[in-house]
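Structure first, then comments.
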Amino acid sequence: MNNTADLIILGSGSTAFAAALRAASYGARVTMFEKSVLGGTCINWGCIPSKTVIHAALFRHEAGLGARLGVLPGDMTGAVDYDLLSAHRDRVVRKLRQERYLDVMQDVPGMELIKGAAHFVDSRTVETVERRYRCDRFLVAVGGDPRIPDIPGIGGSGYLTSRSALLMKKLPSSLIIIGGGVIAVEMGQMLHRLGCEITILEHGPRLLPSTEPEPAEALQQALVEEGLIIVPNASVCAVEGRGDSCIVTANVNGVRIIYQAERLLLAVGTEPATRNIGLEKAGVVLDSRGFVSTDQFMRTSAPGIWAAGDVTGGMMIATVGAKEATVAVDDMFDQGCGCLMDHLSAPMAIFTDPEVGSVGHSEDSARRAGYDVAVNILPVSAIPKAHVIGSRHGVIKMIADRASGRLLGVHLACHRGADLINEASLALHLKATVDDLAGTMHVYPSIGEGLKLCAQGFDSDISKLSCCAEPRPPHKS
C-alpha cells in the first residue's frame with residue numbers, strides 16, 4: 001500500500017495537469033495515473049492537432065480567394081500532399097507535448113506519473129494491476145470518449161471518430177458526417193477545404209443546436225455557400241459498409257433517402273470515460289448520462305473526491321476543465337477560500353470560418369434568470385473591416401439587462417471571433433454595461449469594432465453614423 005501522495009489524480013490531460021500544477025504550488029505531492037498518452041485529448045487528438053490542420057486548410061481556401069482577386073496566379077486548388085500535412089501536424093503535437101507536459105513534469109518537484117489504469121476500491125483507495133494507493137484527496141479527470149450511437153450496421157461501417165479522423169493516412173474523396181455539433185462543423189469545413197466532399201446529417205432543424213440561433217444560422221449559411229451539403233431533420237436509420245464506400249439511410253422530413261460516400265464520421269457527442277474505474281465503490285453519484293455530478297466547488301457526492309473536466313459533462317473545453325481543476329484544488333488545500341466555478345463567465349469558441357464565440361447568458365437563460373432582456377443583433381456586414389477582408393458572413397448578438405444596461409451575454413459568428421469573444425468575456429467579468437462598450441475606442445478598421453457598433457445599436461441607428469462617431473453621451477449612473 002502506497003500512502004505518499006497528498007493528491008491522486010485519475011487522468012493526465014489538460015484538466016489533470018492544471019490540477020497537479022496548482023496542487024504543487026501548495027507544496028503537495030501529486031500522483032497522476034494515465035492509461036494512454038500523457039496530455040490527454042486536447043494535446044493528442046483534439047484542440048492542437050485539429051486546429052493545426054484547420055489552419056493549414058485555411059491556406060488552401062484563401063489561395064483560391066487570392067486567385068479570384070488577381071493576386072495569385074492560376075488555379076490554386078490542386079491536390080493536397082496529405083503525408084506532408086500529417087507530418088506537420090504530428091510535429092506540432094510532439095513539440096507541445098514535450099514542452100507543455102514532459103518538460104514541465106521534470107521541473108516541478110513532487111509530481112509523479114504512473115502509466116496504467118487505476119480504479120477505486122473504496123473512497124480512499126485506488127488499485128492498479130500491481131499495487132494499491134491510498135490517499136485522502138482524489139480528483140477524477142479521466143475525460144470523455146467519442147459517443148458511438150446504436151445504429152443498425154454501424155459496427156461494420158468502418159466509421160471514423162473525431163480521434164481517428166485526425167489520424168487518417170489519406171484524405172477521402174467524400175465523407176458523410178452524422179451529427180451537427182462542434183466536431184461536425186469544424187472537421188467538415190476543414191476536410192472540405194482540403195478537397196473532400198462533405199455531407200452533414202443533423203437530427204435537428206439546424207447545426208449547432210446548443211448555440212444561439214443567429215450565429216449558428218449565419219455559420220450554416222456560410223458553409224452551404226462554401227459547398228458543404230447540410231441536411232437538417234435527418235434521422236439516420238441504418239449504415240452499411242459496401243466495398244470502398246459507406247451507405248447511410250436516413251429519414252429526412254418523412255422521406256427515406258440514401259447517401260453514399262467513401263468514409264463515415266460520427267460526431268454525435270461525448271460520453272464520460274467513467275466505465276470500469278470503480279466510482280460506484282467510492283460512492284460517487286453519476287447523472288442520468290453517466291457524467292460525474294459535482295457542486296460549484298467541483299466536489300462529488302463522496303467526501304474527499306472531486307471531479308473536473310469533460311467527465312463532469314459541462315462545457316467540454318480545455319480552459320474550462322483547467323479552471324474547474326483549479327477550483328477543486330483550491331477547495332482541497334484552502335477550504336473556505338470561497339473559490340467557486342462560474343461557468344457563465346467562461347468564453348468558448350468554434351474554430352470554423354467564420355469563427356463562432358459565446359460567453360454569458362443566452363437570450364433564453366437570461367429570461368429564465370429573471371432579467372428583463374434587451375437584445376441587439378448586428379450583421380457583420382455592418383462592420384467596415386468585414387468589407388476590407390471580404391469576410392461579411394456572420395452576426396454579433398448582445399444580451400443586456402434592460403433596467404441597468406449591464407451586459408449579460410455575447411454570441412457571435414465572425415472573422416477572428418475566437419479572439420473577439422475574449423474582449424466580451426472581459427466586459428462581462430468587469431460587469432460592464434452596454435454604454436461602457438458603446439463609449440470605448442476601437443482601432444478602425446477592425447473586426448473588434450463590431451462590439452462597439454453592436455453596443456451602440458441598442459439606442460442608435462448605426463447606419464447613420466460616420467467613422468468612429470459616438471451617437472450620444474453615455475447614460476449617467
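Residue names in the C-alpha cells use chain letters A, B, ... in the order shown, residue numbers from 1 in each chain, and ligand numbers from 1 in the order shown.
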
For stretch 64-73 of chain A, work out the shell of residues within 12 Å, counting only C-alpha atoms and skipping chain neighbours fewer than 4 positions away, then give it as a PDB file with N, CA and C atoms, in the first residue's frame.
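What follows is the written file result.pdb:
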```pdb
ATOM      1  N   ALA A  57      -5.732  24.148 -43.729  1.00  0.00           N
ATOM      2  CA  ALA A  57      -6.798  24.141 -44.737  1.00  0.00           C
ATOM      3  C   ALA A  57      -7.187  25.558 -45.134  1.00  0.00           C
ATOM      4  N   LEU A  58      -7.066  26.497 -44.188  1.00  0.00           N
ATOM      5  CA  LEU A  58      -7.377  27.894 -44.486  1.00  0.00           C
ATOM      6  C   LEU A  58      -6.452  28.443 -45.566  1.00  0.00           C
ATOM      7  N   PHE A  59      -5.174  28.022 -45.560  1.00  0.00           N
ATOM      8  CA  PHE A  59      -4.238  28.488 -46.587  1.00  0.00           C
ATOM      9  C   PHE A  59      -4.763  28.136 -47.986  1.00  0.00           C
ATOM     10  N   ARG A  60      -5.230  26.901 -48.132  1.00  0.00           N
ATOM     11  CA  ARG A  60      -5.707  26.453 -49.438  1.00  0.00           C
ATOM     12  C   ARG A  60      -6.950  27.232 -49.849  1.00  0.00           C
ATOM     13  N   THR A  77      -6.170  25.324 -56.386  1.00  0.00           N
ATOM     14  CA  THR A  77      -6.884  24.269 -55.672  1.00  0.00           C
ATOM     15  C   THR A  77      -6.395  22.878 -56.079  1.00  0.00           C
ATOM     16  N   GLY A  78      -5.096  22.732 -56.239  1.00  0.00           N
ATOM     17  CA  GLY A  78      -4.528  21.447 -56.627  1.00  0.00           C
ATOM     18  C   GLY A  78      -4.577  20.431 -55.506  1.00  0.00           C
ATOM     19  N   ARG A 193     -12.280  21.937 -47.267  1.00  0.00           N
ATOM     20  CA  ARG A 193     -11.271  22.853 -47.813  1.00  0.00           C
ATOM     21  C   ARG A 193     -10.024  22.120 -48.280  1.00  0.00           C
ATOM     22  N   LEU A 194      -9.850  20.890 -47.820  1.00  0.00           N
ATOM     23  CA  LEU A 194      -8.734  20.079 -48.297  1.00  0.00           C
ATOM     24  C   LEU A 194      -9.110  19.254 -49.521  1.00  0.00           C
ATOM     25  N   GLU A 226     -20.169  27.743 -49.191  1.00  0.00           N
ATOM     26  CA  GLU A 226     -18.832  27.215 -49.485  1.00  0.00           C
ATOM     27  C   GLU A 226     -18.895  25.879 -50.210  1.00  0.00           C
ATOM     28  N   ILE A 389     -11.710  42.843 -45.809  1.00  0.00           N
ATOM     29  CA  ILE A 389     -11.128  41.490 -45.882  1.00  0.00           C
ATOM     30  C   ILE A 389     -12.007  40.524 -46.661  1.00  0.00           C
ATOM     31  N   GLY A 390     -13.200  40.968 -47.063  1.00  0.00           N
ATOM     32  CA  GLY A 390     -14.077  40.103 -47.838  1.00  0.00           C
ATOM     33  C   GLY A 390     -14.696  38.979 -47.041  1.00  0.00           C
ATOM     34  N   SER A 391     -14.892  39.193 -45.739  1.00  0.00           N
ATOM     35  CA  SER A 391     -15.499  38.176 -44.872  1.00  0.00           C
ATOM     36  C   SER A 391     -16.719  38.802 -44.195  1.00  0.00           C
TER      37      SER A 391
END
```

Can I get the residues of stretch 48-86 of chain A within 12 Å of stretch 341-351 of chain A, each with the closest pair of atoms and their distance in Å to one decimal, using only C-alpha atoms, sorted chain first then ascending number, as a tab-separated table?
```
residue	atom	partner	partner_atom	distance
A:Ile48	CA	A:Phe351	CA	11.6
A:Ser50	CA	A:Phe351	CA	9.4
A:Lys51	CA	A:Phe351	CA	7.3
A:Thr52	CA	A:Phe351	CA	10.8
A:Val53	CA	A:Phe351	CA	11.1
A:Ile54	CA	A:Phe351	CA	7.8
A:His55	CA	A:Phe351	CA	9.2
A:Ala57	CA	A:Phe351	CA	11.9
A:Leu58	CA	A:Phe351	CA	11.0
```

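Of note, atom CA of A:Val311 and atom CA of A:Gly290 are spaced 8.7 Å apart.
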
Which neighbours of stretch 265-272 of chain A fall inside 9 Å, counting only C-alpha atoms, when residues of the same chain fewer than 4 positions from it are skipped, and could you give them as number ranges by chain?
A: 142-149, 159-162, 165, 175-184, 289-292, 310-313, 316

Resulting file, chosen residues, C-alpha atoms, as a compact mmCIF listing (two decimals), in the first residue's frame:
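What follows is the written file result_0.txt:
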```txt
# COMPACT_ATOMS: atom_id res chain seq x y z
CA VAL A 142 -10.45 10.99 -16.94
CA GLY A 143 -12.18 12.99 -19.66
CA GLY A 144 -14.50 11.53 -22.24
CA ASP A 145 -14.64 9.45 -25.40
CA PRO A 146 -16.49 9.95 -28.69
CA ARG A 147 -20.02 8.60 -28.36
CA ILE A 148 -20.93 5.76 -30.70
CA PRO A 149 -24.67 5.73 -31.47
CA TYR A 159 -16.64 4.63 -39.19
CA LEU A 160 -14.30 7.38 -38.07
CA THR A 161 -14.48 9.40 -34.86
CA SER A 162 -13.02 12.81 -34.08
CA ALA A 165 -10.27 11.11 -38.43
CA LEU A 175 -17.35 11.95 -46.28
CA ILE A 176 -20.72 11.73 -44.54
CA ILE A 177 -20.86 13.21 -41.05
CA ILE A 178 -23.59 12.10 -38.66
CA GLY A 179 -24.17 14.93 -36.20
CA GLY A 180 -24.19 18.71 -36.50
CA GLY A 181 -22.30 19.92 -33.43
CA VAL A 182 -18.87 21.44 -32.94
CA ILE A 183 -16.87 18.45 -34.23
CA ALA A 184 -19.06 18.17 -37.32
CA ARG A 289 -25.98 10.38 -18.78
CA GLY A 290 -23.18 8.81 -16.75
CA PHE A 291 -21.26 12.02 -16.06
CA VAL A 292 -19.96 12.75 -12.55
CA ASP A 310 -15.17 16.56 -19.63
CA VAL A 311 -16.05 13.78 -17.16
CA THR A 312 -18.47 16.19 -15.45
CA GLY A 313 -20.45 16.80 -18.64
CA MET A 316 -16.13 20.45 -22.72
```

Can you check which parts of stretch 318-355 of chain A lie within 10 Å of stretch 207-223 of chain A? Per residue, the shortest pair of atoms and distance in Å to one decimal, counting only C-alpha atoms, sorted by chain and number, as JSON lines.
```
{"residue": "A:Ile350", "atom": "CA", "partner": "A:Leu208", "partner_atom": "CA", "distance": 10.0}
{"residue": "A:Thr352", "atom": "CA", "partner": "A:Leu219", "partner_atom": "CA", "distance": 8.1}
{"residue": "A:Asp353", "atom": "CA", "partner": "A:Leu219", "partner_atom": "CA", "distance": 7.7}
{"residue": "A:Pro354", "atom": "CA", "partner": "A:Leu219", "partner_atom": "CA", "distance": 6.5}
{"residue": "A:Glu355", "atom": "CA", "partner": "A:Leu219", "partner_atom": "CA", "distance": 8.1}
```

Output the selection as an mmCIF file, in the first residue's frame - C-alpha atoms for each residue.
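Saved as selection_11.cif:
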```cif
data_model
loop_
_atom_site.group_PDB
_atom_site.id
_atom_site.type_symbol
_atom_site.label_atom_id
_atom_site.label_comp_id
_atom_site.auth_asym_id
_atom_site.auth_seq_id
_atom_site.Cartn_x
_atom_site.Cartn_y
_atom_site.Cartn_z
ATOM 1 C CA ILE A 350 -15.753 27.090 -32.500
ATOM 2 C CA THR A 352 -14.832 27.416 -38.213
ATOM 3 C CA ASP A 353 -14.697 30.266 -40.707
ATOM 4 C CA PRO A 354 -16.389 32.461 -39.606
ATOM 5 C CA GLU A 355 -15.430 31.577 -36.051
#
```

For A:Asp83, which residue out of A:Lys115, A:His387, A:Lys169, A:His415 is the nearest one, using only C-alpha atoms?
A:Lys169

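Minimum atom-to-atom distance to A:Tyr133, evaluated using only C-alpha atoms, belongs to A:Asn2 out of A:Thr249, A:Cys196, A:Asn2, A:Leu102.
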
Give me the residues within 12 Å of A:Asp372 as a PDB file with N, CA and C atoms, in the first residue's frame, counting only C-alpha atoms and dropping any in the same chain fewer than 6 places off.
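Result file part_2.pdb:
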```
ATOM      1  N   GLU A 363     -30.151  34.240 -24.691  1.00  0.00           N
ATOM      2  CA  GLU A 363     -31.367  35.040 -24.545  1.00  0.00           C
ATOM      3  C   GLU A 363     -32.375  34.322 -23.639  1.00  0.00           C
ATOM      4  N   ASP A 364     -32.531  33.007 -23.849  1.00  0.00           N
ATOM      5  CA  ASP A 364     -33.492  32.245 -23.045  1.00  0.00           C
ATOM      6  C   ASP A 364     -33.050  32.127 -21.597  1.00  0.00           C
ATOM      7  N   SER A 365     -31.769  31.826 -21.372  1.00  0.00           N
ATOM      8  CA  SER A 365     -31.309  31.639 -19.995  1.00  0.00           C
ATOM      9  C   SER A 365     -31.364  32.944 -19.206  1.00  0.00           C
ATOM     10  N   ALA A 366     -31.150  34.075 -19.881  1.00  0.00           N
ATOM     11  CA  ALA A 366     -31.256  35.371 -19.197  1.00  0.00           C
ATOM     12  C   ALA A 366     -32.696  35.614 -18.748  1.00  0.00           C
ATOM     13  N   ILE A 399     -26.790  40.588 -25.390  1.00  0.00           N
ATOM     14  CA  ILE A 399     -27.936  40.457 -24.492  1.00  0.00           C
ATOM     15  C   ILE A 399     -27.627  41.280 -23.250  1.00  0.00           C
ATOM     16  N   ALA A 400     -28.558  42.149 -22.859  1.00  0.00           N
ATOM     17  CA  ALA A 400     -28.321  43.046 -21.728  1.00  0.00           C
ATOM     18  C   ALA A 400     -29.560  43.117 -20.846  1.00  0.00           C
ATOM     19  N   ASP A 401     -29.328  43.525 -19.605  1.00  0.00           N
ATOM     20  CA  ASP A 401     -30.421  43.812 -18.685  1.00  0.00           C
ATOM     21  C   ASP A 401     -30.999  45.181 -19.041  1.00  0.00           C
ATOM     22  N   ARG A 402     -32.277  45.213 -19.356  1.00  0.00           N
ATOM     23  CA  ARG A 402     -32.882  46.449 -19.842  1.00  0.00           C
ATOM     24  C   ARG A 402     -32.796  47.580 -18.812  1.00  0.00           C
ATOM     25  N   ALA A 403     -32.980  47.252 -17.529  1.00  0.00           N
ATOM     26  CA  ALA A 403     -33.030  48.294 -16.498  1.00  0.00           C
ATOM     27  C   ALA A 403     -31.672  48.937 -16.263  1.00  0.00           C
ATOM     28  N   SER A 404     -30.636  48.121 -16.116  1.00  0.00           N
ATOM     29  CA  SER A 404     -29.318  48.650 -15.761  1.00  0.00           C
ATOM     30  C   SER A 404     -28.390  48.821 -16.951  1.00  0.00           C
ATOM     31  N   GLY A 405     -28.705  48.142 -18.058  1.00  0.00           N
ATOM     32  CA  GLY A 405     -27.810  48.165 -19.210  1.00  0.00           C
ATOM     33  C   GLY A 405     -26.646  47.213 -19.087  1.00  0.00           C
ATOM     34  N   ARG A 406     -26.590  46.450 -17.992  1.00  0.00           N
ATOM     35  CA  ARG A 406     -25.459  45.538 -17.793  1.00  0.00           C
ATOM     36  C   ARG A 406     -25.460  44.442 -18.843  1.00  0.00           C
ATOM     37  N   LEU A 408     -25.084  40.937 -20.355  1.00  0.00           N
ATOM     38  CA  LEU A 408     -25.353  39.601 -19.812  1.00  0.00           C
ATOM     39  C   LEU A 408     -24.770  38.489 -20.671  1.00  0.00           C
TER      40      LEU A 408
END
```

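Between atom CA of A:Leu191 and atom CA of A:Leu167 lies a distance of 12.9 Å.
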
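Excluding A:Arg242 itself and any same-chain residue fewer than 6 positions from it, the protein and nucleic acid residues within 10 Å of it, counting only C-alpha atoms, are Gly156, Ser157, Gly158, Gln260 and Glu262 of chain A.
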
If DSSP is run on the backbone, what residues of stretch 203-238 of chain A are helix (DSSP H, G or I)? A reply as a ChimeraX atom specification would be ideal.
/A:213-226

So that I can check the surroundings of A:His411, please list as a PyMOL selection string every protein, DNA and RNA residue that reaches within 6 Å of it, counting only C-alpha atoms and ignoring chain neighbours fewer than 5 positions away.
chain A and resi 357-358+397

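The space between atom CA of A:Ile114 and atom CA of A:Phe17 spans 13.4 Å.
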
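Here the DSSP assignment of strand (DSSP E or B), based on backbone atoms, applies within stretch 133-204 of chain A to Tyr133, Arg134, Phe138, Leu139, Val140, Gly144, Asp145, Pro146, Leu160, Ser174, Leu175, Ile176, Ile177, Ile178, Glu197, Ile198, Thr199, Ile200 and Leu201 of chain A.
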
Take the residues from that selection and write them out as an mmCIF file, in the first residue's frame, keeping C-alpha atoms.
```cif
data_model
loop_
_atom_site.group_PDB
_atom_site.id
_atom_site.type_symbol
_atom_site.label_atom_id
_atom_site.label_comp_id
_atom_site.auth_asym_id
_atom_site.auth_seq_id
_atom_site.Cartn_x
_atom_site.Cartn_y
_atom_site.Cartn_z
ATOM 1 C CA TYR A 133 -2.571 3.505 -3.418
ATOM 2 C CA ARG A 134 -4.286 5.240 -0.529
ATOM 3 C CA PHE A 138 -8.718 12.390 -5.267
ATOM 4 C CA LEU A 139 -9.517 14.220 -8.475
ATOM 5 C CA VAL A 140 -11.346 12.360 -11.237
ATOM 6 C CA GLY A 144 -14.503 11.525 -22.238
ATOM 7 C CA ASP A 145 -14.642 9.454 -25.405
ATOM 8 C CA PRO A 146 -16.492 9.953 -28.691
ATOM 9 C CA LEU A 160 -14.299 7.377 -38.075
ATOM 10 C CA SER A 174 -16.096 12.146 -49.852
ATOM 11 C CA LEU A 175 -17.353 11.952 -46.279
ATOM 12 C CA ILE A 176 -20.717 11.729 -44.538
ATOM 13 C CA ILE A 177 -20.863 13.211 -41.048
ATOM 14 C CA ILE A 178 -23.593 12.103 -38.659
ATOM 15 C CA GLU A 197 -16.937 16.381 -50.494
ATOM 16 C CA ILE A 198 -18.868 16.753 -47.222
ATOM 17 C CA THR A 199 -22.449 15.866 -46.318
ATOM 18 C CA ILE A 200 -23.611 16.641 -42.764
ATOM 19 C CA LEU A 201 -26.713 14.844 -41.460
#
```

Show which residues sit within 10 Å of A:Met332, as number ranges by chain. Count only C-alpha atoms, and ignore same-chain residues fewer than 2 positions away.
A: 7, 23, 136-139, 297, 299, 304-306, 326-330, 334-337

May I have the residues from that selection written out with N, CA and C atoms, as a PDB file, in the first residue's frame?
```
ATOM      1  N   LEU A   7      -2.311  14.107  -3.125  1.00  0.00           N
ATOM      2  CA  LEU A   7      -3.417  14.139  -4.076  1.00  0.00           C
ATOM      3  C   LEU A   7      -3.163  13.099  -5.150  1.00  0.00           C
ATOM      4  N   ALA A  23      -1.812  22.091  -7.269  1.00  0.00           N
ATOM      5  CA  ALA A  23      -1.517  21.403  -6.012  1.00  0.00           C
ATOM      6  C   ALA A  23      -0.044  21.533  -5.642  1.00  0.00           C
ATOM      7  N   ASP A 136      -6.101  10.787   0.876  1.00  0.00           N
ATOM      8  CA  ASP A 136      -7.270  11.472   1.422  1.00  0.00           C
ATOM      9  C   ASP A 136      -7.943  12.382   0.406  1.00  0.00           C
ATOM     10  N   ARG A 137      -7.278  12.624  -0.744  1.00  0.00           N
ATOM     11  CA  ARG A 137      -7.833  13.523  -1.756  1.00  0.00           C
ATOM     12  C   ARG A 137      -7.655  12.896  -3.137  1.00  0.00           C
ATOM     13  N   PHE A 138      -8.745  12.911  -3.899  1.00  0.00           N
ATOM     14  CA  PHE A 138      -8.718  12.390  -5.267  1.00  0.00           C
ATOM     15  C   PHE A 138      -9.382  13.392  -6.207  1.00  0.00           C
ATOM     16  N   LEU A 139      -8.861  13.470  -7.413  1.00  0.00           N
ATOM     17  CA  LEU A 139      -9.517  14.220  -8.475  1.00  0.00           C
ATOM     18  C   LEU A 139      -9.747  13.275  -9.646  1.00  0.00           C
ATOM     19  N   PHE A 297     -17.968  23.747  -6.094  1.00  0.00           N
ATOM     20  CA  PHE A 297     -16.579  23.571  -5.671  1.00  0.00           C
ATOM     21  C   PHE A 297     -15.940  22.389  -6.391  1.00  0.00           C
ATOM     22  N   ARG A 299     -16.864  19.380  -5.984  1.00  0.00           N
ATOM     23  CA  ARG A 299     -16.932  18.220  -5.099  1.00  0.00           C
ATOM     24  C   ARG A 299     -17.950  17.219  -5.642  1.00  0.00           C
ATOM     25  N   GLY A 304     -13.948  13.874  -0.073  1.00  0.00           N
ATOM     26  CA  GLY A 304     -12.562  13.594  -0.427  1.00  0.00           C
ATOM     27  C   GLY A 304     -12.339  13.315  -1.898  1.00  0.00           C
ATOM     28  N   ILE A 305     -13.414  13.322  -2.692  1.00  0.00           N
ATOM     29  CA  ILE A 305     -13.287  13.077  -4.135  1.00  0.00           C
ATOM     30  C   ILE A 305     -13.904  14.243  -4.898  1.00  0.00           C
ATOM     31  N   TRP A 306     -13.110  14.852  -5.752  1.00  0.00           N
ATOM     32  CA  TRP A 306     -13.543  15.943  -6.621  1.00  0.00           C
ATOM     33  C   TRP A 306     -13.487  15.457  -8.077  1.00  0.00           C
ATOM     34  N   THR A 326      -8.584  23.926 -11.030  1.00  0.00           N
ATOM     35  CA  THR A 326      -8.027  24.904 -10.094  1.00  0.00           C
ATOM     36  C   THR A 326      -8.976  25.136  -8.922  1.00  0.00           C
ATOM     37  N   VAL A 327     -10.266  25.274  -9.228  1.00  0.00           N
ATOM     38  CA  VAL A 327     -11.271  25.459  -8.178  1.00  0.00           C
ATOM     39  C   VAL A 327     -11.271  24.258  -7.238  1.00  0.00           C
ATOM     40  N   ALA A 328     -11.208  23.060  -7.808  1.00  0.00           N
ATOM     41  CA  ALA A 328     -11.207  21.848  -6.989  1.00  0.00           C
ATOM     42  C   ALA A 328     -10.004  21.803  -6.058  1.00  0.00           C
ATOM     43  N   VAL A 329      -8.823  22.086  -6.594  1.00  0.00           N
ATOM     44  CA  VAL A 329      -7.606  22.005  -5.777  1.00  0.00           C
ATOM     45  C   VAL A 329      -7.594  23.091  -4.703  1.00  0.00           C
ATOM     46  N   ASP A 330      -8.045  24.290  -5.030  1.00  0.00           N
ATOM     47  CA  ASP A 330      -8.140  25.338  -4.009  1.00  0.00           C
ATOM     48  C   ASP A 330      -9.068  24.914  -2.878  1.00  0.00           C
ATOM     49  N   ASP A 334      -7.279  24.780   0.536  1.00  0.00           N
ATOM     50  CA  ASP A 334      -7.560  26.079   1.149  1.00  0.00           C
ATOM     51  C   ASP A 334      -9.065  26.204   1.376  1.00  0.00           C
ATOM     52  N   GLN A 335      -9.598  25.241   2.105  1.00  0.00           N
ATOM     53  CA  GLN A 335     -11.044  25.220   2.330  1.00  0.00           C
ATOM     54  C   GLN A 335     -11.500  26.517   2.994  1.00  0.00           C
ATOM     55  N   GLY A 336     -12.618  27.008   2.498  1.00  0.00           N
ATOM     56  CA  GLY A 336     -13.125  28.283   2.991  1.00  0.00           C
ATOM     57  C   GLY A 336     -12.691  29.453   2.150  1.00  0.00           C
ATOM     58  N   CYS A 337     -11.908  29.184   1.091  1.00  0.00           N
ATOM     59  CA  CYS A 337     -11.444  30.288   0.237  1.00  0.00           C
ATOM     60  C   CYS A 337     -12.591  30.883  -0.573  1.00  0.00           C
TER      61      CYS A 337
END
```

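Of the listed residues (A:Pro384, A:Pro172, A:Pro379, A:Gly13), A:Gly13 comes nearest to A:Ala308; the distances count only C-alpha atoms.
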